[in-house]
Structure formats: C-alpha cells, structure tokens
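One structure is given below, encoded as structure tokens.
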Amino acid sequence: MEIDVGPITGEAQPVHIHVGKCEDVGSVLHALQNVVNGKSMTTINLSLNEILTGDVLVNVHASYADPSNYTACGQLPAELP
C-alpha cells in the first residue's frame, strides 16, 4: 500500500488500517509503515478481499505524542469496482 499525503510535518506519523468510518474510527486492523515526509510504503501479506471487509479506512495520526489527532483519513471501498 502506498500513501502520499504531502509533507504535513517533519516527524514520523503513525498510519494504520482501521475498522470503521472516518467519522467513527474503530480498532486497528493492520499497522502500516510510518508516514515520513508525506509518504509511506507498506507491503501487506493479505489479499484485497481480506482487507476490504466492510467499513475499513486508512488513518494518518498527527504523531506518536498526539495519536488521537488525525491529519488524513480515507475510506476504502467495500469492494473493487
């Protein structure tokens, strides 16, 4: 999974795949590589069908010190078009 949110901060930002919707973030399904200088690249050993199971999102946290503040959130589709 490749994430490009542009340069938001100079520090590493945690990013995860979560259950839920951006307005109601649930538990972590999978941790991804930190966003550094606006980018993250993670290889996930799951199929798209295993990831796209209902309401799922990718969420970028502001920092490790401020994990409840999100700088980006994107809903993943429940199925591929």
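Just remember, in the structure tokens the first chain shown is A, the second B, etc., residues are 1-based per chain, and ligands are 1-based in the order shown.
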
Using only C-alpha atoms, which protein or nucleic acid residues come within 10 Å of region 44-55 of chain A? Drop anything in the same chain fewer than 3 positions from it, and give the result as a list in words. Met1, Ile17, His18, Val19, Gly20, Lys21, Cys22, Val25, Gly26, Leu29, His30, Ala31, Leu32, Met41, Gln75, Leu76, Pro77, Ala78, Glu79 and Leu80 of chain A

Selection export as a tab-separated table (two decimals), in the first residue's frame, atoms kept: C-alpha atoms:
```
chain	number	residue	atom	x	y	z
A	1	MET	CA	0.00	0.00	0.00
A	17	ILE	CA	-5.81	0.41	8.50
A	18	HIS	CA	-8.79	0.63	10.87
A	19	VAL	CA	-12.29	-0.79	11.07
A	20	GLY	CA	-14.99	1.88	10.80
A	21	LYS	CA	-15.55	5.16	9.03
A	22	CYS	CA	-13.53	8.36	9.18
A	25	VAL	CA	-12.69	5.22	13.74
A	26	GLY	CA	-12.61	1.71	15.21
A	29	LEU	CA	-6.67	-3.99	11.57
A	30	HIS	CA	-3.12	-3.53	10.34
A	31	ALA	CA	-0.26	-1.16	11.19
A	32	LEU	CA	1.47	0.40	8.19
A	41	MET	CA	5.04	2.36	1.56
A	75	GLN	CA	-12.35	5.34	3.41
A	76	LEU	CA	-11.55	2.15	1.46
A	77	PRO	CA	-14.29	0.75	-0.79
A	78	ALA	CA	-16.13	-2.35	0.45
A	79	GLU	CA	-15.43	-3.99	-2.90
A	80	LEU	CA	-13.47	-3.30	-6.05
```

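Those residues that approach Glu2 (chain A) to within 9 Å, counting only C-alpha atoms, are A:Asp4, A:Lys39, A:Ser40, A:Met41, A:Thr42, A:Thr43; same-chain residues fewer than 2 positions away are not listed.
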
Identify, on the basis of only C-alpha atoms, every residue whose closest approach to Ala65 (chain A) does not exceed 12 Å; exclude the query and any residue fewer than 3 positions from it along the same chain; express the result as a PyMOL selection string. chain A and resi 11-14+61-62+68-70

Expected file contents, prior selection, C-alpha atoms, as a CSV table (one decimal), in the first residue's frame:
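Okay, this is what ended up in selection07.csv:
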```csv
chain,number,residue,atom,x,y,z
A,11,GLU,CA,8.3,13.9,12.2
A,12,ALA,CA,7.2,10.4,11.6
A,13,GLN,CA,3.4,9.9,11.6
A,14,PRO,CA,1.8,6.6,12.6
A,61,HIS,CA,-2.1,10.2,13.0
A,62,ALA,CA,-0.6,13.6,13.8
A,68,SER,CA,-6.0,11.0,18.7
A,69,ASN,CA,-5.5,13.9,16.3
A,70,TYR,CA,-5.7,12.7,12.6
```

List every residue of chain A that DSSP, applied to the backbone of this structure, assigns to strand (DSSP E), and report them as an MDAnalysis selection string. chainID A and resid 2:4 13:21 24:35 39:41 56:61 70:76

Polymer residues at most 6 Å from Val58 (chain A), only C-alpha atoms, same-chain spacing of 5 or more positions, as a PyMOL selection string: chain A and resi 16-17+73-74

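A straight line drawn from CA of Asn37 (chain A) to CA of Pro67 (chain A) is 17.5 Å long.
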
Could you jot down the CA of Gln33 (chain A) to CA of Asn59 (chain A) separation for me, Å, one decimal place? 11.9 Å

I'd like the interatomic distance between CA of Val56 (chain A) and CA of Val28 (chain A), to a tenth of an Å. 9.7 Å
